[in-house]
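Asks: One structure, as structure tokens, below. Some questions next.
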Amino acid sequence: MEIPAYNPAAIEKKWQKKWEDAKLFTAGKRKGAPKKYVLEMFAYPSGDLHMGHARNYSIGDAMARHAHMKGFDVLHPTGFDAFGLPAENAAIKNNTNPKEWTYKNMETAVETMKTMGFSYDYSRLIETCSPDYYKWGQYLFLKMLDMGLVDRRKSPVNWCPSCNTVLANEQVTEGVCWRCGSHVEKRDLTQYYFLITKYAEELLDDLDTLKGWPERVVQMQRNWIGKSVGAEIDFVLADAEGAPTDEKITVFTTRPDTVFGVTFFVFAPESALAKRLVKGTDKEEAVRALAESASRMTGAERASNPTKNGIFTGRYVFNPINQRKIPVWIADYVLEDYGTGAVMGVPSGDQRDFDFAKKYGLPIVPVVISEDDPLYPILKEERDWKVIEVDWEEAMDAEGILVQSDRFTGLKGGKDSEATRAIIDFLEEEKLGRASTTFRLRDWLISRQRFWGNPIPIIHCEKCGMVKVPFENLPVKLPEDIDLAAGETLAECPEFYETTCPKCGGPARRETDTMDTFTDSSWYYLRYCDPHNDEDPVSKEAVDHWMPVDFYVGGIEHAILHLLYSRFWTKVMRDADMLDISEPFDTLLCQGMVKDANGEVMSKSKGNVVSPKEVIEPYGADTMRLAILFIAPVEKDFDWDPNAVAGCHRFLKRVWQAVFQLVSRANVDVKDVDFEKLPKAFEFDLARATQAEKAILASLNEQGLKTSFDFENLQYNTAIAHLMELTNDIYAYLKTSAGNTQEAREIPLRVAFDLVSMLAPICPHIADELNEQAFKNEGMLVSLYDGAWPKFQEGFAADDSIEMVVQVNGKIKGRISVPSGASQEEIEKTAKEAAAGALSGKEIRKVIVIPQKLVSIVEG
RNA sequence: GGGGGCGUGGCGGAAUUGGCAUACGCAGCAGACUUAAAAUCUGCCGAGCUUUGCUCUUGUGGGUUCGAGUCCCACCGCCCCUACCA
């Protein structure tokens, strides 16, 4: 038989068309079958797809195709996160509309996706900039407003001077804008917030239910939410003369057990109260300068250069628990937006307070000390301050025993200790303070002063205030003819903002801020369940059927941003009775980055970008997909190695040759072989197979199918390695002379067919072509996508003899072959004979037999 | 400072979860085919040695075990995240 050449360009195009014509990937066709929702994070269409997308999608596609072959009804959609700043910047540069630029890029990206052969249900495609989608984003905004989860308020916000917009806390890393890297400024502005902090506790608690998430992502979210348990304590402000006033200043602390050791009090320099205390004094200018210099430093700079600068205000407060009068300072190590923006200074128990006290010569009073400390015997009975200065090198901030702490002296101190609880009880009884929990998580600032986003559906009326846009007027559409190149914004576009009040009919002004694009990506995975619904964002029925997403694949850069917002959004929609789940993503996979051959991040500016097209043109999409999955485990970064890619292509050519040669060698008309009825290779009686056939079958045994071809656990690199071994075995078989029975001819065919089936999720084009051309299966199936995944049969007969390793005193000394039914005694006897040369002749202390594996002989 | 992870050939990486360390691939070496090259095929490919074989080898040192890359303790080194969070 003439073996045709492997021509990826031709067969890939052919199969992509056949799949599309047959609507092969439409979700919901297998009524009654268990569902599997496989999703890759959708792309921002800033140009054509790059290798990172190719990796992301190849992983998800292998998962989706495999699930379908295993019998699931698979939902595998795609779409675009189409609003955002790059479209505006490109529009300004090219003097076009962001819409044009975005749609052109999405069109190119879909073409590229199709050349890669992904099994997407394109009938569910979502483009977030389409009014059909953003209408429901507006609807959900209004829903949240009704639920009391939207707030419009003036407060200090992060402003990116380069992007000309505010940013959410999550979008500022180390003091710079996540998108453009510019240094972020603080400004006092009136903005819209989603009250995500109302869900802080639940967002934290439910992290424990996310068993399918990488531990580091869970930890990152846990740290971001940042729960601290402790107490609020009310200090009494003294007037300028030092006498107590009625005014109380509250601090938050996680260590109320150290409250007897407070020797000073500190405000953040930006705090309003701090400013008030020094107003009109000679300290005013210095405090302003301190606030200025503090705001200029990024977190990293502050941490690497932890100079604690302070100014004494000249004022005092009284510690409510011991009435001591303590000085009030202003220092740059206190953060305005955490806790109450003020700290009770306990230098003996907190390293930062300790450093500050050292620098400014403030007293250090030990109150919670270790029993090993030389001071302990002196102070263990002390109820009042006896020692008010220590020679410690650092603060004692771990656990210890309370001293110099009035009636609490002698109690065990520390976070959540008996002293902590006792002091909180006391504070609550005396109304001096209360138990309190603080979160690091801030409310989500969602308004943006940008054009290319979802307009906030609010109308401002002088008479009626903030008025919702009525449902029938949704969506508030973006104007088509804005001139961004001329610097025009929505706020300068009267055709957009001039309107009438829906309540009183008077003249009113439309809100000109748009929503953060992360609002668009916070629920797109829900809309995929029901993408064409024009009555609701989603129907509960559709969401209940498909959600949660079973496998979610994306980059680690979304560990906090998108993944936290989506979890919040799901809980909100649950509370709005739109769905019944609490967590949207069951298993999360964060794939590694694709770097260049030298391990450098690919970037346009470095000129080291390898485009998927550069691989597809010479080798085909199957080779690209295979290489992406083979070169490194999915979650690790990998360096693009052109030689390894060529090696993957070589493997596909070998599979192609092996299958055709095998069909030719089998000397049976494959048209007469019903592959559905052919016994599975591993059910077959091995006694009838030749040695080479055994080698092939051995790699398809129980372990092979359950462990080696472990698609469930995403071990694609090792699964592919086993497919390579199987191919090598087929070549070994082809070199031998085969038996001449019907079975002996058909077993290898079955093996080859299973090989091709297992290759199908990774390299679907070559698999379908071999199925059709070599196995002549065109009448049975359009595609192996609808075919069956090989199954292991429990009844598979093991080989009649078993190889075991013989160890003497823990060292390998030989191998034995024993009958599969051999008794313990027989095995021991055979092993002793085989190891005779290695035995010293001493008494044999014991013999350990591990069935199927080894015999260990231990001498006295 | 806090948290998470990792350390195996020249390289990417395997190791059935305590049982033959280095699978599979890349690179390299040798051979076959060829006028030649490419492609393809075959073989070799951790280190050392006194080479039918022996010894050593999973960052270092110890421990548990008949048996450790895997478990425990200490140390060394690297990567990622986060950061004056009271």
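We name chains A, B, ... following the order of the structure tokens; residues begin at 1 in each chain, and ligands are numbered from 1 as shown.
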Distance table requested - chain A against chain B, cut-off 6 Å, only C-alpha atoms (C1' of nucleotides): one row per qualifying residue with the closest atom pair and its distance in Å to one decimal, ordered by chain and rising residue number, as a Markdown table.

Replies:
| residue | atom | partner | partner_atom | distance |
| --- | --- | --- | --- | --- |
| A:Arg216 | CA | B:G4 | C1' | 5.3 |
| A:Thr253 | CA | B:A86 | C1' | 5.7 |
| A:Tyr333 | CA | B:C84 | C1' | 4.9 |
| A:Val343 | CA | B:A86 | C1' | 5.7 |
| A:Ala644 | CA | B:C26 | C1' | 5.3 |
| A:Ala721 | CA | B:C24 | C1' | 4.3 |
| A:Gly810 | CA | B:G67 | C1' | 5.2 |
| A:Val858 | CA | B:C66 | C1' | 5.7 |

Asks: With C-alpha atoms retained, could you export that selection as a JSON list (two decimals), in the first residue's frame?

Replies:
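Printed below is selection.json as written:
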[["chain", "number", "residue", "atom", "x", "y", "z"],
["A", 216, "ARG", "CA", -0.67, 29.60, 46.51],
["A", 253, "THR", "CA", -5.03, 46.47, 67.88],
["A", 333, "TYR", "CA", 4.95, 54.27, 59.53],
["A", 343, "VAL", "CA", -1.77, 53.09, 66.55],
["A", 644, "ALA", "CA", 11.98, 20.32, 20.94],
["A", 721, "ALA", "CA", 5.65, 10.45, 26.83],
["A", 810, "GLY", "CA", 18.99, -3.41, 50.97],
["A", 858, "VAL", "CA", 18.07, -9.39, 55.45]]

Asks: I need the residues in segment 341-396 of chain A that are strand (DSSP E or B) according to DSSP; give them as a count of residues only.

Replies: 6

Asks: Give me the residues within 6 Å of Val236 of chain A as a list of chain:residue names, counting only C-alpha atoms (C1' of nucleotides) and dropping any in the same chain fewer than 6 places off.

Replies: A:Lys248, A:Val317, A:Phe318

Asks: Could you tell me how far atom CA of Ala90 of chain A lies from atom CA of Tyr193 of chain A, in Å and to one decimal?

Replies: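 That distance, rounded to one decimal, is 28.4 Å.
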
Asks: List as a ChimeraX atom specification the protein and nucleic acid residues near segment 427-430 of chain A, meaning an atom at most 10 Å away when only C-alpha atoms (C1' of nucleotides) are counted, but skip any in the same chain fewer than 5 places from it.

Replies: /A:231-234,256,320-321,421-422,435

Asks: Can you tell me how far atom CA of Pro507 of chain A sits from atom CA of Pro475 of chain A, in Å to one decimal?

Replies: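 Taking atom CA of Pro507 of chain A and atom CA of Pro475 of chain A, their separation equals 20.1 Å.
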
Asks: How many Å lie between atom CA of Pro4 of chain A and atom CA of Ile730 of chain A, rounded to one decimal?

Replies: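 One can read the atom CA of Pro4 of chain A to atom CA of Ile730 of chain A distance as 18.9 Å.
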
Asks: Excluding same-chain residues fewer than 6 positions from U40 of chain B, what lies within 12 Å of it counting only C-alpha atoms (C1' of nucleotides), as a PyMOL selection string?

Replies: (chain A and resi 650+653-654+657) or (chain B and resi 32-34)

Asks: Using the selection just defined, write its residues with N, CA and C atoms (P, O5', C5', C4', C3', O3' and C1' of nucleotides) as a PDB file, in the first residue's frame.

Replies:
ATOM      1  N   ARG A 650       8.435  15.394  14.568  1.00  0.00           N
ATOM      2  CA  ARG A 650       9.000  14.093  14.193  1.00  0.00           C
ATOM      3  C   ARG A 650       8.132  12.975  14.759  1.00  0.00           C
ATOM      4  N   LYS A 653       5.016  12.473  12.709  1.00  0.00           N
ATOM      5  CA  LYS A 653       5.322  11.762  11.462  1.00  0.00           C
ATOM      6  C   LYS A 653       5.508  10.267  11.724  1.00  0.00           C
ATOM      7  N   ARG A 654       6.114   9.950  12.856  1.00  0.00           N
ATOM      8  CA  ARG A 654       6.311   8.541  13.222  1.00  0.00           C
ATOM      9  C   ARG A 654       4.976   7.846  13.481  1.00  0.00           C
ATOM     10  N   GLN A 657       3.379   7.181  10.081  1.00  0.00           N
ATOM     11  CA  GLN A 657       4.016   6.038   9.431  1.00  0.00           C
ATOM     12  C   GLN A 657       3.620   4.737  10.113  1.00  0.00           C
TER      13      GLN A 657
ATOM     14  P     A B  32      28.664   3.008   7.591  1.00  0.00           P
ATOM     15  O5'   A B  32      27.124   2.648   7.426  1.00  0.00           O
ATOM     16  C5'   A B  32      26.694   1.290   7.424  1.00  0.00           C
ATOM     17  C4'   A B  32      25.212   1.212   7.149  1.00  0.00           C
ATOM     18  C3'   A B  32      24.770   1.858   5.824  1.00  0.00           C
ATOM     19  O3'   A B  32      24.962   0.980   4.728  1.00  0.00           O
ATOM     20  C1'   A B  32      23.334   2.554   7.584  1.00  0.00           C
ATOM     21  P     C B  33      25.450   1.576   3.343  1.00  0.00           P
ATOM     22  O5'   C B  33      24.166   2.367   2.836  1.00  0.00           O
ATOM     23  C5'   C B  33      22.967   1.668   2.501  1.00  0.00           C
ATOM     24  C4'   C B  33      21.854   2.654   2.241  1.00  0.00           C
ATOM     25  C3'   C B  33      22.178   3.732   1.219  1.00  0.00           C
ATOM     26  O3'   C B  33      21.990   3.278  -0.110  1.00  0.00           O
ATOM     27  C1'   C B  33      21.180   4.719   3.130  1.00  0.00           C
ATOM     28  P     U B  34      23.131   3.469  -1.172  1.00  0.00           P
ATOM     29  O5'   U B  34      23.156   5.052  -1.340  1.00  0.00           O
ATOM     30  C5'   U B  34      22.055   5.740  -1.915  1.00  0.00           C
ATOM     31  C4'   U B  34      22.289   7.217  -1.852  1.00  0.00           C
ATOM     32  C3'   U B  34      23.607   7.702  -2.421  1.00  0.00           C
ATOM     33  O3'   U B  34      23.562   7.804  -3.835  1.00  0.00           O
ATOM     34  C1'   U B  34      23.188   8.787  -0.355  1.00  0.00           C
TER      35        U B  34
END

Asks: In terms of the shortest atom-to-atom distance over only C-alpha atoms, which of A:His50, A:Val805, A:Met466, A:Ala836 is closest to Leu142 of chain A?

Replies: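 The answer is A:Met466, which sits nearest to Leu142 of chain A.
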
Asks: Mind checking which residues fall within 7 Å of Trp159 of chain A, counting only C-alpha atoms (C1' of nucleotides), ignoring those fewer than 6 positions away in the same chain, and posting them as a PyMOL selection string?

Replies: chain A and resi 165-167+184-187

Asks: List the spatial neighbours of segment 758-763 of chain A as a PyMOL selection string - criterion: any atom at most 8 Å away, only C-alpha atoms (C1' of nucleotides), same-chain residues fewer than 2 positions off excluded.

Replies: chain A and resi 58+61-66+621-623+625-626+723+754-756+765-768+784-785+789-790

Asks: Would you output that residue set with N, CA and C atoms, as a PDB file, in the first residue's frame?

Replies:
ATOM      1  N   SER A  58      -4.689  25.551  24.463  1.00  0.00           N
ATOM      2  CA  SER A  58      -4.346  24.150  24.161  1.00  0.00           C
ATOM      3  C   SER A  58      -4.618  23.264  25.366  1.00  0.00           C
ATOM      4  N   ASP A  61      -8.411  23.001  25.680  1.00  0.00           N
ATOM      5  CA  ASP A  61      -8.999  22.236  24.580  1.00  0.00           C
ATOM      6  C   ASP A  61      -8.760  20.738  24.752  1.00  0.00           C
ATOM      7  N   ALA A  62      -7.561  20.368  25.180  1.00  0.00           N
ATOM      8  CA  ALA A  62      -7.282  18.950  25.419  1.00  0.00           C
ATOM      9  C   ALA A  62      -8.234  18.422  26.496  1.00  0.00           C
ATOM     10  N   MET A  63      -8.438  19.246  27.531  1.00  0.00           N
ATOM     11  CA  MET A  63      -9.350  18.888  28.614  1.00  0.00           C
ATOM     12  C   MET A  63     -10.775  18.697  28.082  1.00  0.00           C
ATOM     13  N   ALA A  64     -11.236  19.651  27.291  1.00  0.00           N
ATOM     14  CA  ALA A  64     -12.612  19.624  26.791  1.00  0.00           C
ATOM     15  C   ALA A  64     -12.828  18.433  25.854  1.00  0.00           C
ATOM     16  N   ARG A  65     -11.900  18.231  24.934  1.00  0.00           N
ATOM     17  CA  ARG A  65     -12.047  17.119  23.984  1.00  0.00           C
ATOM     18  C   ARG A  65     -11.990  15.775  24.705  1.00  0.00           C
ATOM     19  N   HIS A  66     -11.092  15.680  25.671  1.00  0.00           N
ATOM     20  CA  HIS A  66     -11.003  14.437  26.438  1.00  0.00           C
ATOM     21  C   HIS A  66     -12.307  14.164  27.178  1.00  0.00           C
ATOM     22  N   ALA A 621      -0.850  22.992  13.350  1.00  0.00           N
ATOM     23  CA  ALA A 621      -1.360  23.273  14.694  1.00  0.00           C
ATOM     24  C   ALA A 621      -1.169  22.081  15.626  1.00  0.00           C
ATOM     25  N   ASP A 622      -1.295  20.857  15.081  1.00  0.00           N
ATOM     26  CA  ASP A 622      -1.142  19.677  15.930  1.00  0.00           C
ATOM     27  C   ASP A 622       0.237  19.658  16.590  1.00  0.00           C
ATOM     28  N   THR A 623       1.263  19.984  15.828  1.00  0.00           N
ATOM     29  CA  THR A 623       2.617  20.011  16.383  1.00  0.00           C
ATOM     30  C   THR A 623       2.730  21.097  17.449  1.00  0.00           C
ATOM     31  N   ARG A 625       0.351  22.365  19.339  1.00  0.00           N
ATOM     32  CA  ARG A 625      -0.403  21.950  20.523  1.00  0.00           C
ATOM     33  C   ARG A 625       0.350  20.879  21.306  1.00  0.00           C
ATOM     34  N   LEU A 626       0.908  19.932  20.566  1.00  0.00           N
ATOM     35  CA  LEU A 626       1.657  18.850  21.191  1.00  0.00           C
ATOM     36  C   LEU A 626       2.879  19.402  21.932  1.00  0.00           C
ATOM     37  N   LEU A 723       2.498   7.952  25.100  1.00  0.00           N
ATOM     38  CA  LEU A 723       2.076   7.755  23.710  1.00  0.00           C
ATOM     39  C   LEU A 723       3.305   7.543  22.828  1.00  0.00           C
ATOM     40  N   ASP A 754      -6.321   2.679  19.476  1.00  0.00           N
ATOM     41  CA  ASP A 754      -6.374   3.308  20.797  1.00  0.00           C
ATOM     42  C   ASP A 754      -5.340   4.422  20.924  1.00  0.00           C
ATOM     43  N   LEU A 755      -4.184   4.200  20.342  1.00  0.00           N
ATOM     44  CA  LEU A 755      -3.151   5.244  20.342  1.00  0.00           C
ATOM     45  C   LEU A 755      -3.685   6.510  19.677  1.00  0.00           C
ATOM     46  N   VAL A 756      -4.306   6.330  18.514  1.00  0.00           N
ATOM     47  CA  VAL A 756      -4.832   7.478  17.776  1.00  0.00           C
ATOM     48  C   VAL A 756      -5.958   8.153  18.572  1.00  0.00           C
ATOM     49  N   HIS A 765      -6.456  16.925  14.547  1.00  0.00           N
ATOM     50  CA  HIS A 765      -6.526  16.839  13.086  1.00  0.00           C
ATOM     51  C   HIS A 765      -5.905  15.543  12.568  1.00  0.00           C
ATOM     52  N   ILE A 766      -4.678  15.262  12.993  1.00  0.00           N
ATOM     53  CA  ILE A 766      -4.006  14.051  12.507  1.00  0.00           C
ATOM     54  C   ILE A 766      -4.774  12.826  12.973  1.00  0.00           C
ATOM     55  N   ALA A 767      -5.363  12.908  14.171  1.00  0.00           N
ATOM     56  CA  ALA A 767      -6.107  11.767  14.698  1.00  0.00           C
ATOM     57  C   ALA A 767      -7.328  11.470  13.824  1.00  0.00           C
ATOM     58  N   ASP A 768      -8.069  12.522  13.473  1.00  0.00           N
ATOM     59  CA  ASP A 768      -9.252  12.305  12.636  1.00  0.00           C
ATOM     60  C   ASP A 768      -8.856  11.836  11.237  1.00  0.00           C
ATOM     61  N   LEU A 784     -13.311  11.600  15.812  1.00  0.00           N
ATOM     62  CA  LEU A 784     -13.052  10.867  17.051  1.00  0.00           C
ATOM     63  C   LEU A 784     -13.550  11.632  18.274  1.00  0.00           C
ATOM     64  N   TYR A 785     -13.818  12.936  18.100  1.00  0.00           N
ATOM     65  CA  TYR A 785     -14.416  13.735  19.169  1.00  0.00           C
ATOM     66  C   TYR A 785     -15.689  13.066  19.673  1.00  0.00           C
ATOM     67  N   TRP A 789     -13.297   6.998  24.478  1.00  0.00           N
ATOM     68  CA  TRP A 789     -11.972   6.930  25.097  1.00  0.00           C
ATOM     69  C   TRP A 789     -11.699   5.476  25.464  1.00  0.00           C
ATOM     70  N   PRO A 790     -10.487   4.979  25.209  1.00  0.00           N
ATOM     71  CA  PRO A 790     -10.194   3.578  25.541  1.00  0.00           C
ATOM     72  C   PRO A 790     -10.486   3.298  27.012  1.00  0.00           C
TER      73      PRO A 790
END
